[in-house]
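Engineer: One file: model18.pdb (PDB, C-alpha atoms).
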```
ATOM      1  CA  MET A   1     -20.470  41.016  12.248  1.00  0.00           C
ATOM      2  CA  GLN A   2     -24.051  41.263  13.434  1.00  0.00           C
ATOM      3  CA  ILE A   3     -27.331  40.654  11.630  1.00  0.00           C
ATOM      4  CA  THR A   4     -30.521  42.052  13.138  1.00  0.00           C
ATOM      5  CA  VAL A   5     -33.919  41.362  11.636  1.00  0.00           C
ATOM      6  CA  VAL A   6     -35.716  44.688  11.202  1.00  0.00           C
ATOM      7  CA  THR A   7     -38.851  43.295   9.555  1.00  0.00           C
ATOM      8  CA  ASP A   8     -39.290  39.532   9.700  1.00  0.00           C
ATOM      9  CA  SER A   9     -41.045  37.331   7.192  1.00  0.00           C
ATOM     10  CA  ALA A  10     -44.793  37.576   7.665  1.00  0.00           C
ATOM     11  CA  GLU A  11     -45.336  33.859   7.072  1.00  0.00           C
ATOM     12  CA  ALA A  12     -43.590  30.543   6.586  1.00  0.00           C
ATOM     13  CA  PRO A  13     -42.994  29.249   3.053  1.00  0.00           C
ATOM     14  CA  VAL A  14     -45.384  26.355   3.743  1.00  0.00           C
ATOM     15  CA  THR A  15     -48.527  26.339   5.809  1.00  0.00           C
ATOM     16  CA  LEU A  16     -49.480  23.936   8.545  1.00  0.00           C
ATOM     17  CA  ALA A  17     -52.294  22.707   6.278  1.00  0.00           C
ATOM     18  CA  GLU A  18     -49.820  21.926   3.473  1.00  0.00           C
ATOM     19  CA  VAL A  19     -47.607  19.946   5.842  1.00  0.00           C
ATOM     20  CA  LYS A  20     -50.562  18.046   7.296  1.00  0.00           C
ATOM     21  CA  GLN A  21     -51.752  17.166   3.797  1.00  0.00           C
ATOM     22  CA  TRP A  22     -48.215  16.027   2.861  1.00  0.00           C
ATOM     23  CA  LEU A  23     -48.097  13.815   5.959  1.00  0.00           C
ATOM     24  CA  LYS A  24     -51.725  12.691   5.632  1.00  0.00           C
ATOM     25  CA  ILE A  25     -52.571  13.954   9.123  1.00  0.00           C
ATOM     26  CA  ASP A  26     -56.203  14.814   9.843  1.00  0.00           C
ATOM     27  CA  HIS A  27     -56.057  15.586  13.578  1.00  0.00           C
ATOM     28  CA  THR A  28     -54.963  18.699  15.480  1.00  0.00           C
ATOM     29  CA  GLU A  29     -53.142  17.187  18.450  1.00  0.00           C
ATOM     30  CA  ASP A  30     -49.700  17.563  16.784  1.00  0.00           C
ATOM     31  CA  ASP A  31     -50.258  21.045  15.328  1.00  0.00           C
ATOM     32  CA  ALA A  32     -47.915  22.789  17.782  1.00  0.00           C
ATOM     33  CA  LYS A  33     -45.180  20.225  17.138  1.00  0.00           C
ATOM     34  CA  LEU A  34     -45.625  20.503  13.364  1.00  0.00           C
ATOM     35  CA  THR A  35     -45.520  24.309  13.525  1.00  0.00           C
ATOM     36  CA  GLU A  36     -42.257  24.099  15.479  1.00  0.00           C
ATOM     37  CA  LEU A  37     -40.862  21.613  12.942  1.00  0.00           C
ATOM     38  CA  ILE A  38     -41.806  23.924  10.049  1.00  0.00           C
ATOM     39  CA  GLU A  39     -39.895  26.763  11.712  1.00  0.00           C
ATOM     40  CA  SER A  40     -36.910  24.500  12.319  1.00  0.00           C
ATOM     41  CA  ALA A  41     -36.958  23.229   8.719  1.00  0.00           C
ATOM     42  CA  VAL A  42     -37.090  26.779   7.357  1.00  0.00           C
ATOM     43  CA  ASN A  43     -34.164  27.817   9.584  1.00  0.00           C
ATOM     44  CA  THR A  44     -32.181  24.761   8.459  1.00  0.00           C
ATOM     45  CA  ILE A  45     -32.705  25.567   4.788  1.00  0.00           C
ATOM     46  CA  GLU A  46     -32.021  29.274   5.209  1.00  0.00           C
ATOM     47  CA  ASN A  47     -28.776  28.517   7.035  1.00  0.00           C
ATOM     48  CA  TYR A  48     -27.790  26.010   4.368  1.00  0.00           C
ATOM     49  CA  ILE A  49     -28.447  28.285   1.382  1.00  0.00           C
ATOM     50  CA  ASN A  50     -27.446  31.381   3.372  1.00  0.00           C
ATOM     51  CA  ASN A  51     -30.473  33.336   2.212  1.00  0.00           C
ATOM     52  CA  PRO A  52     -33.977  33.915   3.597  1.00  0.00           C
ATOM     53  CA  ILE A  53     -36.772  32.020   1.867  1.00  0.00           C
ATOM     54  CA  ILE A  54     -39.493  34.638   2.460  1.00  0.00           C
ATOM     55  CA  THR A  55     -38.345  38.258   2.239  1.00  0.00           C
ATOM     56  CA  LYS A  56     -37.217  40.040   5.359  1.00  0.00           C
ATOM     57  CA  THR A  57     -35.423  43.296   6.042  1.00  0.00           C
ATOM     58  CA  VAL A  58     -32.161  43.045   7.947  1.00  0.00           C
ATOM     59  CA  LEU A  59     -29.559  45.380   9.367  1.00  0.00           C
ATOM     60  CA  TYR A  60     -26.050  44.106   8.767  1.00  0.00           C
ATOM     61  CA  VAL A  61     -23.369  45.659  10.977  1.00  0.00           C
ATOM     62  CA  THR A  62     -19.680  44.957  10.533  1.00  0.00           C
ATOM     63  CA  ASP A  63     -16.345  46.282  11.698  1.00  0.00           C
ATOM     64  CA  ASN A  64     -14.393  45.895   8.532  1.00  0.00           C
ATOM     65  CA  TYR A  65     -14.260  45.879   4.779  1.00  0.00           C
ATOM     66  CA  LEU A  66     -11.946  44.233   2.285  1.00  0.00           C
ATOM     67  CA  ILE A  67      -9.866  45.603  -0.528  1.00  0.00           C
ATOM     68  CA  ASP A  68     -10.442  43.419  -3.586  1.00  0.00           C
ATOM     69  CA  SER A  69      -7.992  42.584  -6.380  1.00  0.00           C
ATOM     70  CA  ASN A  70      -8.970  45.807  -8.193  1.00  0.00           C
ATOM     71  CA  GLY A  71      -8.081  47.889  -5.148  1.00  0.00           C
ATOM     72  CA  ASP A  72     -11.744  48.630  -4.445  1.00  0.00           C
ATOM     73  CA  MET A  73     -13.241  48.882  -0.961  1.00  0.00           C
ATOM     74  CA  VAL A  74     -15.790  46.077  -0.619  1.00  0.00           C
ATOM     75  CA  LEU A  75     -18.376  45.025   1.969  1.00  0.00           C
ATOM     76  CA  TYR A  76     -19.585  41.433   1.632  1.00  0.00           C
ATOM     77  CA  LEU A  77     -23.200  40.924   2.659  1.00  0.00           C
ATOM     78  CA  PRO A  78     -24.560  37.806   4.384  1.00  0.00           C
ATOM     79  CA  TYR A  79     -27.524  37.478   1.967  1.00  0.00           C
ATOM     80  CA  VAL A  80     -28.318  38.461  -1.605  1.00  0.00           C
ATOM     81  CA  PRO A  81     -30.157  41.798  -1.381  1.00  0.00           C
ATOM     82  CA  ILE A  82     -33.328  42.482  -3.344  1.00  0.00           C
ATOM     83  CA  ALA A  83     -33.226  46.132  -2.333  1.00  0.00           C
ATOM     84  CA  ILE A  84     -30.771  48.162  -0.281  1.00  0.00           C
ATOM     85  CA  GLY A  85     -32.317  50.641   2.124  1.00  0.00           C
ATOM     86  CA  PHE A  86     -29.100  52.363   3.154  1.00  0.00           C
ATOM     87  CA  VAL A  87     -25.354  52.059   3.532  1.00  0.00           C
ATOM     88  CA  LYS A  88     -23.957  54.035   6.468  1.00  0.00           C
ATOM     89  CA  VAL A  89     -20.466  54.579   7.779  1.00  0.00           C
ATOM     90  CA  TYR A  90     -19.886  55.786  11.348  1.00  0.00           C
ATOM     91  CA  ASP A  91     -16.836  57.864  12.171  1.00  0.00           C
ATOM     92  CA  ILE A  92     -14.944  57.881  15.469  1.00  0.00           C
ATOM     93  CA  ASP A  93     -17.291  60.601  16.763  1.00  0.00           C
ATOM     94  CA  ASN A  94     -20.286  58.283  16.064  1.00  0.00           C
ATOM     95  CA  THR A  95     -21.507  60.524  13.275  1.00  0.00           C
ATOM     96  CA  ALA A  96     -23.248  58.581  10.523  1.00  0.00           C
ATOM     97  CA  THR A  97     -22.648  59.301   6.863  1.00  0.00           C
ATOM     98  CA  THR A  98     -25.025  57.750   4.352  1.00  0.00           C
ATOM     99  CA  ILE A  99     -23.063  56.412   1.396  1.00  0.00           C
ATOM    100  CA  THR A 100     -24.744  56.678  -1.981  1.00  0.00           C
ATOM    101  CA  ALA A 101     -21.704  56.170  -4.199  1.00  0.00           C
ATOM    102  CA  TYR A 102     -21.511  52.379  -4.454  1.00  0.00           C
ATOM    103  CA  LYS A 103     -22.268  49.540  -6.806  1.00  0.00           C
ATOM    104  CA  GLN A 104     -23.998  46.372  -5.696  1.00  0.00           C
ATOM    105  CA  TYR A 105     -23.026  42.996  -7.128  1.00  0.00           C
ATOM    106  CA  THR A 106     -24.866  39.944  -5.805  1.00  0.00           C
ATOM    107  CA  ARG A 107     -23.554  39.823  -2.208  1.00  0.00           C
ATOM    108  CA  LYS A 108     -21.069  42.629  -2.266  1.00  0.00           C
ATOM    109  CA  ILE A 109     -21.108  46.393  -2.184  1.00  0.00           C
ATOM    110  CA  VAL A 110     -18.231  48.140  -3.918  1.00  0.00           C
ATOM    111  CA  PHE A 111     -17.658  51.700  -2.774  1.00  0.00           C
ATOM    112  CA  THR A 112     -17.064  54.108  -5.648  1.00  0.00           C
ATOM    113  CA  GLU A 113     -16.101  56.788  -3.131  1.00  0.00           C
ATOM    114  CA  TYR A 114     -14.275  56.096   0.107  1.00  0.00           C
ATOM    115  CA  PRO A 115     -15.385  57.538   3.442  1.00  0.00           C
ATOM    116  CA  THR A 116     -13.439  60.712   4.160  1.00  0.00           C
ATOM    117  CA  ASN A 117     -13.550  60.511   7.974  1.00  0.00           C
ATOM    118  CA  THR A 118     -11.835  57.933  10.138  1.00  0.00           C
ATOM    119  CA  VAL A 119     -14.289  55.063  10.562  1.00  0.00           C
ATOM    120  CA  ARG A 120     -14.878  53.821  14.104  1.00  0.00           C
ATOM    121  CA  LEU A 121     -13.382  50.431  14.889  1.00  0.00           C
ATOM    122  CA  ASN A 122     -16.534  48.776  16.220  1.00  0.00           C
ATOM    123  CA  SER A 123     -19.635  48.520  14.030  1.00  0.00           C
ATOM    124  CA  GLY A 124     -18.416  51.210  11.665  1.00  0.00           C
ATOM    125  CA  TYR A 125     -20.355  49.940   8.649  1.00  0.00           C
ATOM    126  CA  GLN A 126     -24.112  49.362   8.485  1.00  0.00           C
ATOM    127  CA  VAL A 127     -26.225  48.165   5.597  1.00  0.00           C
ATOM    128  CA  GLN A 128     -29.987  47.774   5.790  1.00  0.00           C
ATOM    129  CA  PHE A 129     -31.476  45.697   3.021  1.00  0.00           C
ATOM    130  CA  THR A 130     -34.289  43.360   2.044  1.00  0.00           C
ATOM    131  CA  ALA A 131     -33.429  39.802   1.058  1.00  0.00           C
ATOM    132  CA  GLY A 132     -35.350  36.648   0.249  1.00  0.00           C
ATOM    133  CA  ILE A 133     -36.277  34.251  -2.503  1.00  0.00           C
ATOM    134  CA  ALA A 134     -40.067  34.707  -2.415  1.00  0.00           C
ATOM    135  CA  SER A 135     -42.388  37.440  -1.225  1.00  0.00           C
ATOM    136  CA  ASN A 136     -44.833  35.017   0.436  1.00  0.00           C
ATOM    137  CA  ALA A 137     -45.821  31.361   0.745  1.00  0.00           C
ATOM    138  CA  SER A 138     -47.754  31.316  -2.516  1.00  0.00           C
ATOM    139  CA  THR A 139     -44.709  32.518  -4.488  1.00  0.00           C
ATOM    140  CA  THR A 140     -42.246  30.140  -2.805  1.00  0.00           C
ATOM    141  CA  PRO A 141     -40.734  27.809  -5.421  1.00  0.00           C
ATOM    142  CA  ALA A 142     -42.156  24.292  -5.331  1.00  0.00           C
ATOM    143  CA  ASP A 143     -38.757  22.676  -4.779  1.00  0.00           C
ATOM    144  CA  ILE A 144     -38.210  24.667  -1.598  1.00  0.00           C
ATOM    145  CA  LYS A 145     -41.704  23.839  -0.346  1.00  0.00           C
ATOM    146  CA  THR A 146     -40.984  20.150  -0.965  1.00  0.00           C
ATOM    147  CA  VAL A 147     -37.728  20.247   0.976  1.00  0.00           C
ATOM    148  CA  VAL A 148     -39.407  22.000   3.922  1.00  0.00           C
ATOM    149  CA  LYS A 149     -42.128  19.329   3.960  1.00  0.00           C
ATOM    150  CA  GLU A 150     -39.563  16.514   3.667  1.00  0.00           C
ATOM    151  CA  ILE A 151     -37.545  17.865   6.597  1.00  0.00           C
ATOM    152  CA  VAL A 152     -40.710  18.191   8.695  1.00  0.00           C
ATOM    153  CA  ALA A 153     -41.756  14.653   7.705  1.00  0.00           C
ATOM    154  CA  TYR A 154     -38.365  13.252   8.621  1.00  0.00           C
ATOM    155  CA  PHE A 155     -38.319  14.794  12.087  1.00  0.00           C
ATOM    156  CA  TYR A 156     -41.993  14.041  12.685  1.00  0.00           C
ATOM    157  CA  ASP A 157     -41.437  10.368  11.848  1.00  0.00           C
ATOM    158  CA  ASN A 158     -38.082  10.183  13.670  1.00  0.00           C
ATOM    159  CA  CYS A 159     -38.794  12.315  16.720  1.00  0.00           C
ATOM    160  CA  CYS A 160     -35.915  10.928  18.738  1.00  0.00           C
ATOM    161  CA  ASP A 161     -33.344  10.993  15.928  1.00  0.00           C
ATOM    162  CA  ARG A 162     -31.914  14.498  15.699  1.00  0.00           C
ATOM    163  CA  ASN A 163     -29.012  13.726  13.332  1.00  0.00           C
ATOM    164  CA  LEU A 164     -29.144  16.586  10.833  1.00  0.00           C
ATOM    165  CA  GLY A 165     -26.530  14.889   8.659  1.00  0.00           C
ATOM    166  CA  GLN A 166     -28.892  11.958   8.056  1.00  0.00           C
ATOM    167  CA  ILE A 167     -31.769  14.174   7.049  1.00  0.00           C
ATOM    168  CA  LEU A 168     -29.644  16.275   4.726  1.00  0.00           C
ATOM    169  CA  GLN A 169     -28.335  13.102   3.132  1.00  0.00           C
ATOM    170  CA  SER A 170     -31.844  11.678   2.743  1.00  0.00           C
ATOM    171  CA  ILE A 171     -33.033  14.801   0.915  1.00  0.00           C
ATOM    172  CA  SER A 172     -29.707  15.698  -0.711  1.00  0.00           C
ATOM    173  CA  GLY A 173     -31.187  15.323  -4.192  1.00  0.00           C
ATOM    174  CA  TYR A 174     -33.580  18.189  -3.511  1.00  0.00           C
ATOM    175  CA  ILE A 175     -30.987  20.289  -1.747  1.00  0.00           C
ATOM    176  CA  ASN A 176     -28.338  19.879  -4.429  1.00  0.00           C
ATOM    177  CA  VAL A 177     -30.781  21.006  -7.096  1.00  0.00           C
ATOM    178  CA  PHE A 178     -31.608  24.306  -5.443  1.00  0.00           C
ATOM    179  CA  HIS A 179     -28.472  24.955  -3.381  1.00  0.00           C
ATOM    180  CA  LEU A 180     -26.707  26.878  -6.135  1.00  0.00           C
ATOM    181  CA  ALA A 181     -29.875  28.390  -7.532  1.00  0.00           C
ATOM    182  CA  TYR A 182     -30.884  30.128  -4.318  1.00  0.00           C
ATOM    183  CA  GLN A 183     -27.533  30.790  -2.675  1.00  0.00           C
TER     184      GLN A 183
END
```
Would you mind writing the file's structure down as structure tokens?
Structural biologist:
Amino acid sequence: MQITVVTDSAEAPVTLAEVKQWLKIDHTEDDAKLTELIESAVNTIENYINNPIITKTVLYVTDNYLIDSNGDMVLYLPYVPIAIGFVKVYDIDNTATTITAYKQYTRKIVFTEYPTNTVRLNSGYQVQFTAGIASNASTTPADIKTVVKEIVAYFYDNCCDRNLGQILQSISGYINVFHLAYQ
């Protein structure tokens, strides 16, 4: 399985100015550090909820599919798609076939027609899609913005303490509220 970002998020879900206001910082000497902490906080949350916060387009490449309990051929996606650009299957001669006969349910694609050629063993299935919770910083839900700012605040105040378990525990109330909502 491989995920490649085709078009990355244009911005972070919170701005440097928002974080500085949250932390009551009025100088610029820590701006680079705070920017790095924002990026780290966003990555932490995205990995935890397994979904981008701000929309991005990704190419998901996998070697295999599953047969579900209904006998259907299914590809499970790493994120919840907003829009699917394409689903392609590559045969053993590296010829791509674009699949249009499928149904999409949350994180899975169910083929309504099976590929007719023998699919190559490595990277035989490719799905390009857009995923994310918000289209930009101004549409990012307030609870996510708060968690990003809390993570940044924690690491800013505890620069030598890199125990992620402690930070997740300290903000677990926020995380538990939106974990299921955005996963």
Engineer: Between A:Thr7, A:Gln104, A:Thr28, A:Thr62, which residue has the minimum interatomic distance to Val89 (chain A), considering only C-alpha atoms?
Structural biologist: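 Result for the nearest residue to Val89 (chain A): A:Thr62.
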Engineer: Tell me, as a PyMOL selection string, which residues lie within 10 Å of Thr15 (chain A), counting all atoms listed in the file; anything in the same chain fewer than 2 positions away does not count.
Structural biologist: chain A and resi 11-13+17-21+34-35+38+137-138+145+149
Engineer: So what do you get for CA of Ala142 (chain A) versus CA of Val42 (chain A), distance-wise?
Structural biologist: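 Between these atoms lies a distance of 13.9 Å.
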Engineer: Nearest to Tyr48 (chain A): which of A:Tyr79, A:Asp91, A:Tyr114, A:Gln2 is it, counting all atoms listed in the file?
Structural biologist: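 For Tyr48 (chain A), the nearest of the given residues is A:Tyr79.
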Engineer: Would you pick out the contacts of Thr44 (chain A) at 10 Å or less, using only C-alpha atoms, so that residues sharing its chain but fewer than 4 positions from it are not included, and give the list as an MDAnalysis selection string?
Structural biologist: chainID A and resid 38:40 48:50 148 151 164 168
Engineer: Quick check, in Å to one decimal: how far apart do CA of Pro81 (chain A) and CA of Asn117 (chain A) lie?
Structural biologist: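 Calculated distance between CA of Pro81 (chain A) and CA of Asn117 (chain A) is 26.7 Å.
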Engineer: Taking every listed atom of region 130-148 of chain A and adding 6 Å to each side, what centre and edge lengths in Å (one decimal) does the axis-aligned box have, as JSON?
Structural biologist:
```
{"center_x": -40.6, "center_y": 31.8, "center_z": -0.7, "size_x": 26.3, "size_y": 35.2, "size_z": 21.3}
```
Engineer: I'd like to see the residues matched by the PyMOL selection byres ((chain A and resi 74) around 8) on this file, and ideally I'd get them as a PDB file with C-alpha atoms, in the frame of the given file.
Structural biologist:
```pdb
ATOM      1  CA  TYR A  65     -14.260  45.879   4.779  1.00  0.00           C
ATOM      2  CA  LEU A  66     -11.946  44.233   2.285  1.00  0.00           C
ATOM      3  CA  ILE A  67      -9.866  45.603  -0.528  1.00  0.00           C
ATOM      4  CA  ASP A  68     -10.442  43.419  -3.586  1.00  0.00           C
ATOM      5  CA  ASP A  72     -11.744  48.630  -4.445  1.00  0.00           C
ATOM      6  CA  MET A  73     -13.241  48.882  -0.961  1.00  0.00           C
ATOM      7  CA  LEU A  75     -18.376  45.025   1.969  1.00  0.00           C
ATOM      8  CA  TYR A  76     -19.585  41.433   1.632  1.00  0.00           C
ATOM      9  CA  LYS A 108     -21.069  42.629  -2.266  1.00  0.00           C
ATOM     10  CA  ILE A 109     -21.108  46.393  -2.184  1.00  0.00           C
ATOM     11  CA  VAL A 110     -18.231  48.140  -3.918  1.00  0.00           C
ATOM     12  CA  PHE A 111     -17.658  51.700  -2.774  1.00  0.00           C
TER      13      PHE A 111
END
```
Engineer: So how far away is CA of Val58 (chain A) from CA of Tyr90 (chain A), in Å?
Structural biologist: 18.0 Å
Engineer: Return the single residue from A:Val6, A:Ile82, A:Leu77, A:Ala96 that is closest to Gly132 (chain A), with distances computed using all atoms listed in the file.
Structural biologist: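 Looking at the shortest contact to Gly132 (chain A), the residue is A:Ile82.
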